[in-house]
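**Q** Input structure: target_8.cif, which contains mmCIF, C-alpha atoms.
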```cif
data_target
loop_
_atom_site.label_atom_id
_atom_site.label_comp_id
_atom_site.auth_asym_id
_atom_site.auth_seq_id
_atom_site.Cartn_x
_atom_site.Cartn_y
_atom_site.Cartn_z
CA MET A 24 4.31 16.53 -11.92
CA LYS A 25 6.02 13.48 -13.40
CA GLN A 26 3.64 10.82 -12.20
CA LEU A 27 0.49 11.15 -10.16
CA THR A 28 0.95 10.21 -6.54
CA LEU A 29 -1.58 7.91 -4.91
CA ALA A 30 -3.01 10.96 -3.09
CA ASP A 31 -3.49 12.70 -6.45
CA GLU A 32 -5.08 9.64 -7.98
CA ILE A 33 -7.62 9.11 -5.23
CA VAL A 34 -8.73 12.74 -5.47
CA VAL A 35 -9.16 12.38 -9.24
CA LEU A 36 -11.24 9.26 -8.63
CA MET A 37 -13.35 10.95 -5.94
CA LEU A 38 -14.22 13.99 -8.05
CA ARG A 39 -17.76 13.81 -9.36
CA ASP A 40 -18.13 14.33 -13.09
CA ASP A 41 -21.35 16.35 -12.75
CA THR A 42 -20.30 18.78 -10.02
CA GLY A 43 -16.52 18.80 -10.38
CA GLU A 44 -16.30 18.42 -6.61
CA ILE A 45 -15.76 15.78 -3.99
CA GLU A 46 -19.07 14.91 -2.38
CA PRO A 47 -19.20 16.99 0.83
CA ALA A 48 -20.23 13.92 2.84
CA ARG A 49 -16.99 12.26 1.81
CA ALA A 50 -14.67 15.18 2.53
CA ASP A 51 -13.33 13.77 5.83
CA CYS A 52 -12.87 10.42 4.24
CA ALA A 53 -10.92 12.09 1.41
CA HIS A 54 -8.55 13.66 3.94
CA ILE A 55 -7.83 10.27 5.48
CA ALA A 56 -7.22 8.79 2.03
CA ILE A 57 -4.90 11.64 1.08
CA ALA A 58 -2.91 11.21 4.30
CA GLY A 59 -2.71 7.46 3.70
CA GLY A 60 -1.76 8.07 0.08
CA ILE A 61 1.14 10.31 1.11
CA LEU A 62 2.51 7.66 3.47
CA MET A 63 2.06 5.00 0.81
CA GLU A 64 3.94 7.09 -1.72
CA LEU A 65 6.81 7.72 0.70
CA SER A 66 6.90 4.01 1.36
CA LEU A 67 6.98 3.14 -2.36
CA LEU A 68 9.77 5.71 -2.80
CA GLY A 69 11.83 3.94 -0.14
CA ARG A 70 11.75 6.77 2.43
CA ILE A 71 9.71 5.05 5.13
CA ASP A 72 8.92 1.48 6.06
CA THR A 73 6.53 -0.17 8.49
CA ASP A 74 6.35 -3.23 10.66
CA LEU A 75 3.36 -4.50 12.61
CA SER A 76 3.68 -1.85 15.31
CA SER A 77 5.25 1.25 13.82
CA LEU A 78 6.26 3.40 10.90
CA PHE A 79 9.89 4.45 10.68
CA ILE A 80 12.10 6.52 8.47
CA ILE A 81 14.79 4.81 6.43
CA ASP A 82 15.93 7.61 4.14
CA ARG A 83 15.66 11.32 4.98
CA ASN A 84 16.59 12.52 1.49
CA PRO A 85 13.81 14.63 -0.06
CA VAL A 86 11.88 13.07 -2.92
CA GLY A 87 11.62 16.42 -4.73
CA ASP A 88 7.90 16.96 -4.20
CA GLU A 89 7.19 19.46 -1.42
CA PHE A 90 3.78 17.91 -0.80
CA LEU A 91 5.48 14.64 0.18
CA ASP A 92 8.68 16.13 1.56
CA SER A 93 6.86 18.18 4.21
CA VAL A 94 5.44 14.96 5.65
CA LEU A 95 8.81 13.22 5.36
CA ARG A 96 10.38 16.04 7.41
CA GLU A 97 7.67 15.71 10.06
CA ILE A 98 8.24 11.99 10.36
CA ALA A 99 12.01 12.51 10.51
CA ALA A 100 11.59 15.08 13.28
CA GLU A 101 9.40 12.89 15.48
CA PRO A 102 11.56 11.36 18.22
CA MET A 103 9.22 8.45 18.91
CA LYS A 104 8.26 5.64 16.58
CA ARG A 105 4.53 5.81 15.91
CA PRO A 106 2.10 3.54 14.11
CA SER A 107 0.89 4.42 10.61
CA ALA A 108 -2.64 5.10 11.91
CA TRP A 109 -1.22 7.71 14.31
CA TRP A 110 0.48 9.54 11.44
CA ILE A 111 -2.69 9.51 9.36
CA GLU A 112 -4.70 10.94 12.26
CA GLN A 113 -2.04 13.58 12.96
CA TYR A 114 -1.98 14.66 9.34
CA VAL A 115 -5.76 14.94 9.13
CA ARG A 116 -5.92 16.83 12.44
CA HIS A 117 -3.26 19.41 11.55
CA ASN A 118 -3.65 20.00 7.85
CA GLY A 119 -7.19 21.28 7.39
CA ASP A 120 -8.73 20.85 3.98
CA VAL A 121 -5.91 19.00 2.26
CA SER A 122 -8.06 18.06 -0.70
CA ARG A 123 -7.82 21.74 -1.82
CA THR A 124 -4.03 21.40 -1.89
CA VAL A 125 -4.27 18.27 -4.03
CA LEU A 126 -6.84 19.88 -6.32
CA ARG A 127 -4.49 22.83 -6.86
CA ARG A 128 -1.67 20.42 -7.73
CA LEU A 129 -3.87 18.71 -10.26
CA VAL A 130 -4.85 22.04 -11.83
CA GLU A 131 -1.17 23.03 -12.08
CA ALA A 132 -0.45 19.68 -13.73
CA GLY A 133 -3.17 20.33 -16.30
CA ILE A 134 -5.26 17.36 -15.24
CA LEU A 135 -8.11 19.48 -13.86
CA ARG A 136 -9.21 23.02 -14.49
CA ALA A 137 -10.64 25.36 -11.87
CA GLU A 138 -14.01 26.96 -12.60
CA ASP A 139 -16.06 29.29 -10.45
CA ARG A 140 -19.69 28.27 -10.73
CA GLN A 141 -22.80 30.00 -9.44
CA PHE A 142 -25.55 28.20 -7.61
CA LEU A 143 -28.87 29.57 -6.32
CA TRP A 144 -28.00 32.71 -8.35
CA VAL A 145 -26.09 34.15 -5.42
CA PHE A 146 -23.47 31.73 -4.17
CA SER A 147 -20.36 30.79 -6.02
CA ARG A 148 -18.25 27.72 -5.61
CA ARG A 149 -15.09 26.38 -7.13
CA ALA A 150 -15.48 23.30 -9.30
CA TYR A 151 -12.69 21.14 -10.72
CA PRO A 152 -13.78 19.46 -13.94
CA LYS A 153 -11.37 17.01 -15.51
CA ASN A 154 -9.64 18.05 -18.71
CA SER A 155 -9.32 14.82 -20.68
CA GLY A 156 -10.35 12.36 -17.97
CA ARG A 157 -7.52 10.08 -19.12
CA GLU A 158 -5.99 9.81 -15.65
CA GLU A 159 -9.30 8.71 -14.17
CA ARG A 160 -9.86 6.13 -16.89
CA GLU A 161 -6.37 4.72 -16.43
CA ALA A 162 -6.73 4.50 -12.66
CA LYS A 163 -10.11 2.79 -13.01
CA ALA A 164 -8.70 0.32 -15.53
CA ARG A 165 -5.92 -0.56 -13.09
CA LEU A 166 -8.43 -1.04 -10.29
CA MET A 167 -10.62 -3.30 -12.43
CA SER A 168 -7.58 -5.32 -13.39
CA VAL A 169 -6.58 -5.79 -9.73
CA ILE A 170 -10.10 -6.84 -8.81
CA PHE A 171 -10.91 -9.18 -11.65
CA ASP A 172 -7.51 -10.65 -12.57
CA ASP A 173 -6.24 -13.44 -10.40
CA ALA A 174 -2.67 -12.27 -10.88
CA LEU A 175 -0.73 -10.76 -8.01
CA PRO A 176 -1.27 -6.99 -7.99
CA THR A 177 1.62 -4.55 -8.09
CA PRO A 178 2.19 -2.81 -4.73
CA ARG A 179 1.02 0.53 -6.18
CA ASP A 180 -2.20 -0.93 -7.53
CA SER A 181 -2.99 -2.79 -4.35
CA LEU A 182 -2.49 0.45 -2.37
CA LEU A 183 -4.72 2.37 -4.76
CA LEU A 184 -7.40 -0.28 -4.36
CA SER A 185 -7.35 0.20 -0.59
CA LEU A 186 -7.85 3.96 -0.97
CA ALA A 187 -10.66 3.40 -3.48
CA GLU A 188 -12.34 0.99 -1.08
CA ALA A 189 -12.01 3.28 1.93
CA THR A 190 -13.46 6.27 0.09
CA GLY A 191 -16.42 4.50 -1.51
CA VAL A 192 -15.01 4.91 -5.03
CA LEU A 193 -15.38 1.17 -5.64
CA GLU A 194 -19.09 1.29 -4.84
CA GLY A 195 -19.49 3.79 -7.65
CA MET A 196 -17.54 1.64 -10.09
CA LEU A 197 -19.08 -1.77 -9.45
CA SER A 198 -22.62 -3.04 -9.24
CA SER A 199 -23.67 -4.62 -5.96
CA GLU A 200 -23.51 -8.03 -7.65
CA GLU A 201 -19.96 -7.35 -8.86
CA MET A 202 -19.00 -6.12 -5.39
CA ARG A 203 -20.38 -9.32 -3.88
CA LYS A 204 -18.49 -11.52 -6.32
CA ALA A 205 -15.24 -9.60 -5.88
CA SER A 206 -15.46 -9.13 -2.12
CA LYS A 207 -13.03 -11.92 -1.21
CA ARG A 208 -10.45 -10.81 -3.76
CA ILE A 209 -10.76 -7.20 -2.60
CA ALA A 210 -10.40 -8.22 1.06
CA ASP A 211 -7.33 -10.35 0.24
CA VAL A 212 -5.62 -7.49 -1.62
CA LEU A 213 -6.52 -4.91 1.05
CA ALA A 214 -4.88 -7.01 3.76
CA LEU A 215 -1.52 -7.10 1.99
CA GLU A 216 -0.25 -3.65 2.92
CA GLU A 217 0.14 -2.32 6.46
CA ILE A 218 -0.66 1.29 5.52
CA SER A 219 -3.81 0.08 3.74
CA ARG A 220 -4.89 -1.59 6.95
CA ALA A 221 -4.12 1.61 8.88
CA VAL A 222 -6.28 3.68 6.52
CA ARG A 223 -9.16 1.29 7.10
CA VAL A 224 -8.74 1.50 10.87
CA VAL A 225 -8.72 5.32 10.86
CA GLU A 226 -11.72 5.47 8.54
CA ALA A 227 -13.61 2.90 10.65
CA ASN A 228 -12.87 4.95 13.79
CA ARG A 229 -14.14 8.08 12.07
CA ARG A 230 -17.39 6.35 11.12
CA LYS A 231 -17.74 4.97 14.63
CA ALA A 232 -17.28 8.44 16.11
CA LEU A 233 -19.91 9.82 13.73
CA ALA A 234 -22.37 7.08 14.64
CA ALA A 235 -21.79 7.33 18.40
CA PRO A 236 -24.32 10.12 19.11
CA VAL A 237 -26.94 8.31 17.02
CA ASP A 238 -26.26 5.04 18.82
CA TRP A 239 -26.49 6.85 22.13
CA TYR A 240 -29.81 8.42 21.14
CA VAL A 241 -31.30 5.19 19.74
CA GLY A 242 -30.14 3.31 22.83
CA MET A 243 -32.00 5.64 25.18
CA PRO A 244 -35.38 4.56 26.60
CA ARG A 245 -38.15 5.94 24.44
CA ARG A 246 -39.65 8.07 27.25
CA THR A 247 -36.30 9.83 27.85
CA ARG A 248 -35.91 10.47 24.13
CA ASP A 249 -39.30 12.12 23.82
CA MET B 21 27.45 -21.55 -5.19
CA ASN B 22 26.97 -17.84 -5.25
CA CYS B 23 27.34 -16.02 -1.97
CA ARG B 24 26.24 -12.46 -1.33
CA LYS B 25 26.36 -10.39 1.79
CA PHE B 26 24.85 -6.98 2.36
CA TYR B 27 25.53 -4.52 5.15
CA THR B 28 23.44 -1.43 5.72
CA GLU B 29 23.65 1.47 8.11
CA HIS B 30 20.42 2.80 9.56
CA GLU B 31 19.94 6.12 11.23
CA ASN B 32 17.27 4.59 13.39
CA ALA B 33 18.84 3.11 16.49
CA SER B 34 16.44 0.19 16.64
CA LEU B 35 17.63 -1.03 13.27
CA GLU B 36 21.33 -0.86 13.99
CA GLY B 37 23.32 -4.02 13.68
CA PHE B 38 21.15 -5.36 10.89
CA GLU B 39 22.68 -7.64 8.36
CA LEU B 40 21.03 -9.55 5.55
CA GLU B 41 22.71 -12.52 4.02
CA VAL B 42 21.58 -14.31 0.91
CA ARG B 43 23.11 -17.45 -0.47
CA SER B 44 21.79 -18.70 -3.76
CA GLU B 45 22.04 -22.04 -5.43
CA ALA B 46 20.38 -23.72 -8.37
CA ALA B 47 19.46 -27.35 -8.47
CA ASP B 48 17.03 -29.41 -10.55
CA GLY B 49 15.63 -26.39 -12.35
CA VAL B 50 14.90 -24.49 -9.16
CA ALA B 51 16.75 -21.44 -7.85
CA ILE B 52 16.94 -21.47 -4.07
CA TYR B 53 17.73 -18.35 -2.01
CA ARG B 54 18.71 -19.00 1.57
CA ILE B 55 18.00 -15.72 3.29
CA SER B 56 18.93 -14.71 6.80
CA GLY B 57 18.65 -11.50 8.77
CA ARG B 58 16.08 -8.78 8.57
CA LEU B 59 14.17 -8.42 5.31
CA ASP B 60 13.34 -4.71 5.21
CA ALA B 61 13.34 -1.76 2.81
CA GLU B 62 17.10 -1.52 2.45
CA ALA B 63 17.49 -5.23 2.03
CA ALA B 64 14.68 -5.29 -0.51
CA ALA B 65 16.12 -2.32 -2.40
CA SER B 66 19.65 -3.65 -2.41
CA GLN B 67 20.75 -4.87 -5.80
CA GLY B 68 21.79 -8.22 -4.43
CA LEU B 69 18.50 -9.97 -3.85
CA GLN B 70 16.61 -8.30 -6.68
CA SER B 71 19.24 -8.80 -9.34
CA ALA B 72 19.96 -12.36 -8.25
CA VAL B 73 16.32 -13.33 -8.50
CA GLY B 74 15.89 -11.28 -11.69
CA SER B 75 18.81 -12.98 -13.40
CA ALA B 76 17.56 -16.42 -12.38
CA ILE B 77 14.14 -15.67 -13.88
CA ASN B 78 15.57 -14.09 -17.02
CA GLY B 79 18.01 -16.96 -17.32
CA GLY B 80 15.13 -19.38 -17.73
CA ASN B 81 14.86 -20.45 -14.11
CA PRO B 82 11.55 -18.99 -12.99
CA ARG B 83 10.92 -21.53 -10.23
CA ILE B 84 12.14 -19.82 -7.08
CA ILE B 85 12.33 -21.01 -3.50
CA PHE B 86 13.00 -18.73 -0.55
CA ASP B 87 14.47 -20.55 2.42
CA MET B 88 13.48 -18.17 5.22
CA ARG B 89 14.62 -20.17 8.22
CA GLY B 90 17.10 -17.42 9.04
CA VAL B 91 14.82 -14.43 8.49
CA THR B 92 14.16 -12.85 11.86
CA LEU B 93 11.88 -10.02 10.83
CA ILE B 94 10.09 -8.77 7.73
CA THR B 95 8.77 -5.27 7.14
CA SER B 96 6.24 -3.99 4.59
CA ALA B 97 8.99 -3.34 2.07
CA GLY B 98 10.35 -6.84 2.56
CA LEU B 99 6.88 -8.26 2.04
CA ARG B 100 6.58 -6.26 -1.16
CA ALA B 101 9.89 -7.67 -2.37
CA VAL B 102 8.51 -11.17 -1.82
CA LEU B 103 5.33 -10.30 -3.71
CA VAL B 104 7.23 -8.71 -6.59
CA THR B 105 9.42 -11.80 -6.87
CA ALA B 106 6.31 -14.00 -6.95
CA LYS B 107 4.76 -11.78 -9.61
CA GLN B 108 7.90 -11.87 -11.78
CA ALA B 109 8.21 -15.64 -11.41
CA ALA B 110 4.54 -16.19 -12.26
CA ALA B 111 4.84 -13.93 -15.33
CA ALA B 112 7.68 -16.18 -16.55
CA ASN B 113 5.48 -19.29 -16.07
CA GLY B 114 7.24 -20.22 -12.86
CA GLY B 115 6.41 -19.52 -9.26
CA LEU B 116 7.68 -18.76 -5.79
CA ALA B 117 7.47 -21.07 -2.81
CA ILE B 118 8.67 -20.24 0.68
CA PHE B 119 9.61 -22.50 3.55
CA GLY B 120 11.12 -22.20 7.01
CA VAL B 121 9.02 -19.23 8.09
CA GLN B 122 9.79 -18.24 11.68
CA SER B 123 7.12 -17.09 14.11
CA ALA B 124 7.75 -13.32 13.85
CA VAL B 125 7.60 -13.53 10.06
CA ASP B 126 4.67 -15.93 10.13
CA GLU B 127 2.67 -13.37 12.11
CA VAL B 128 3.22 -10.82 9.33
CA PHE B 129 2.29 -13.39 6.66
CA GLU B 130 -0.85 -14.26 8.61
CA ILE B 131 -2.01 -10.65 9.10
CA SER B 132 -1.24 -9.66 5.52
CA GLY B 133 -2.92 -12.76 4.13
CA LEU B 134 0.19 -13.50 2.06
CA LYS B 135 -0.69 -17.18 2.14
CA GLN B 136 -3.61 -16.40 -0.17
CA PHE B 137 -1.11 -15.47 -2.87
CA ILE B 138 2.08 -17.43 -2.26
CA SER B 139 2.80 -21.09 -1.55
CA ILE B 140 4.16 -21.56 1.95
CA ALA B 141 5.69 -24.95 2.63
CA LEU B 142 6.91 -26.69 5.75
CA ASP B 143 10.23 -27.73 4.28
CA GLU B 144 12.31 -27.65 1.13
CA ALA B 145 10.89 -30.91 -0.23
CA GLU B 146 7.35 -29.59 0.04
CA ALA B 147 8.39 -26.26 -1.51
CA ARG B 148 9.87 -28.14 -4.47
CA SER B 149 6.76 -30.21 -4.84
CA LYS B 150 4.58 -27.08 -4.81
CA LEU B 151 6.62 -25.82 -7.75
CA GLY B 152 6.33 -29.15 -9.53
CA ALA B 153 10.06 -29.82 -9.24
#
```
Is it possible to give me this structure as structure tokens?

**A**
Amino acid sequence: MKQLTLADEIVVLMLRDDTGEIEPARADCAHIAIAGGILMELSLLGRIDTDLSSLFIIDRNPVGDEFLDSVLREIAAEPMKRPSAWWIEQYVRHNGDVSRTVLRRLVEAGILRAEDRQFLWVFSRRAYPKNSGREEREAKARLMSVIFDDALPTPRDSLLLSLAEATGVLEGMLSSEEMRKASKRIADVLALEEISRAVRVVEANRRKALAAPVDWYVGMPRRTRD
Amino acid sequence: MNCRKFYTEHENASLEGFELEVRSEAADGVAIYRISGRLDAEAAASQGLQSAVGSAINGGNPRIIFDMRGVTLITSAGLRAVLVTAKQAAAANGGLAIFGVQSAVDEVFEISGLKQFISIALDEAEARSKLGA
């Protein structure tokens, strides 16, 4: 792997140092971020482009990374022009636990190592501790620079910020006071890229769908509930 | 006056017939790019616009104006090209100002919040004044 893709980077950032895993509660969110990261990477590589209503292919030539090329082929094969959010939802719906695929890539690249760990003496689970942690530190430094420098961010860094925001990585990096102070800058940067906005829409829809049964229950008259 | 013209062929039918034209001129320490057509990925990636702006900045002319009266549509890649130009110009102690934004492009600028980062002027005189020229 020559350079980490945005999908790789967000998985590195989401991995917990203590468990070597992505928090289970954030697994769905990770899938959305990975899907968004793939589209962002294809866009940065000049294979796809977007306008306000749709995502379209501009170059069908493979980029040389099967992880990205499989999505490029899917987009090229789709006869209709679809919005970015539609592609993110499609990818999440049809690709199962994509974070495992990314974790395997990162192990092959020597950035993570795979360890089987026991818990409750009986069960085993696969953990992915970081080897040097350099990639995580570099990604975090770039994020901090985007947030706290007034300079225009590079497209790649602004896209990474949007994935970090959508997955809750930023909340783990900044204190609530820092988040409050940086909120306008973060919102301004997040708005810049269409695929970033699409990731936020898909993630917001997911949260809304999760909350719907609770809202329905809370909205019921108390007597009916009991 | 330097005149450049780019033609691209798209596989996608909706993009057929696209043509981007850029005319550049330098006056009073400001490099002006009069752009018309569709500013998309191919236009942004083409050597013409990038190298023209790059050579102006490297040649000690980091105050850039984009005259976008003739730009009919801008995509994400086009927007990125604008941002990268602004970043390069700012790094060279200059800046980018834009004027003549048409409604379809203005909608993209509005939604993306580009106005938070880049000076948008009503006309060339205001664009010059925003750059201190």

**Q** Evaluate the PyMOL selection byres ((chain A) within 6 of (chain B)) here and jot the selected residues down as a list in words.

**A**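 Residues picked by the PyMOL selection byres ((chain A) within 6 of (chain B)): Thr73, Asp74, Leu175, Ala214 and Leu215 of chain A.
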
**Q** Selection in question (the file shown): the PyMOL selection byres ((chain B and resi 109) around 12). Which residues does it include, as a PyMOL selection string?

**A** (chain A and resi 174-175) or (chain B and resi 50-51+73-85+102-108+110-117+138+151)

**Q** With C-alpha atoms retained, could you export that selection as a compact mmCIF listing (two decimals), keeping the file's coordinate frame?

**A**
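The result, stored in part_0.txt:
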```txt
# COMPACT_ATOMS: atom_id res chain seq x y z
CA ALA A 174 -2.67 -12.27 -10.88
CA LEU A 175 -0.73 -10.76 -8.01
CA VAL B 50 14.90 -24.49 -9.16
CA ALA B 51 16.75 -21.44 -7.85
CA VAL B 73 16.32 -13.33 -8.50
CA GLY B 74 15.89 -11.28 -11.69
CA SER B 75 18.81 -12.98 -13.40
CA ALA B 76 17.56 -16.42 -12.38
CA ILE B 77 14.14 -15.67 -13.88
CA ASN B 78 15.57 -14.09 -17.02
CA GLY B 79 18.01 -16.96 -17.32
CA GLY B 80 15.13 -19.38 -17.73
CA ASN B 81 14.86 -20.45 -14.11
CA PRO B 82 11.55 -18.99 -12.99
CA ARG B 83 10.92 -21.53 -10.23
CA ILE B 84 12.14 -19.82 -7.08
CA ILE B 85 12.33 -21.01 -3.50
CA VAL B 102 8.51 -11.17 -1.82
CA LEU B 103 5.33 -10.30 -3.71
CA VAL B 104 7.23 -8.71 -6.59
CA THR B 105 9.42 -11.80 -6.87
CA ALA B 106 6.31 -14.00 -6.95
CA LYS B 107 4.76 -11.78 -9.61
CA GLN B 108 7.90 -11.87 -11.78
CA ALA B 110 4.54 -16.19 -12.26
CA ALA B 111 4.84 -13.93 -15.33
CA ALA B 112 7.68 -16.18 -16.55
CA ASN B 113 5.48 -19.29 -16.07
CA GLY B 114 7.24 -20.22 -12.86
CA GLY B 115 6.41 -19.52 -9.26
CA LEU B 116 7.68 -18.76 -5.79
CA ALA B 117 7.47 -21.07 -2.81
CA ILE B 138 2.08 -17.43 -2.26
CA LEU B 151 6.62 -25.82 -7.75
```

**Q** Name every residue that the PyMOL selection byres ((chain A and resi 31) around 9) selects in this structure, writing the answer as a PyMOL selection string with chains first and numbers rising.

**A** chain A and resi 27-30+32-36+57+60+125-126+128-129

**Q** What does the distance from atom CA of A:Glu217 to atom CA of A:Leu75 come to in Å, to one decimal?

**A**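 Going from atom CA of A:Glu217 over to atom CA of A:Leu75, I get 7.3 Å.
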
**Q** Which residues are near A:Leu65? Cut-off 8 Å, all atoms listed in the file, ignore same chain within fewer than 5 positions. Put them as an MDAnalysis selection string.

**A** chainID A and resid 70:71 91 95

**Q** Residues around (2.6, 2.1, 12.5), cut-off 12 Å, counting all atoms listed in the file - what are they as JSON, numbers by chain?

**A** {"A": [59, 62, 71, 72, 73, 74, 75, 76, 77, 78, 79, 80, 98, 103, 104, 105, 106, 107, 108, 109, 110, 111, 112, 216, 217, 218, 219, 220, 221, 222, 224, 225], "B": [95, 96]}

**Q** Work out how far apart atom CA of A:Ala100 and atom CA of A:Asn118 are and give it in Å to one decimal.

**A** 16.9 Å

**Q** Here is a test: counting only C-alpha atoms, which residue of A:Leu213, A:Ala99, A:Met167, A:Val130 is nearest to A:Ala150?

**A** A:Val130

**Q** Using only C-alpha atoms for the distances, tell me which of A:Thr177, A:Ile170, A:Phe90, A:Ala164 is nearest to A:Arg203.

**A**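 Looking only at the distances to A:Arg203, the closest residue turns out to be A:Ile170.
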
**Q** Take atom CA of B:Leu59 and atom CA of A:Val212 and report the distance between them in Å, one decimal.

**A** 21.0 Å

**Q** The centre and edge lengths of an axis-aligned box containing all atoms of stretch 134-142 of chain A present in the file, extended by 5 Å on each side, are to be given in Å to one decimal, as JSON.

**A**
```
{"center_x": -15.4, "center_y": 23.7, "center_z": -11.4, "size_x": 30.3, "size_y": 22.6, "size_z": 17.6}
```
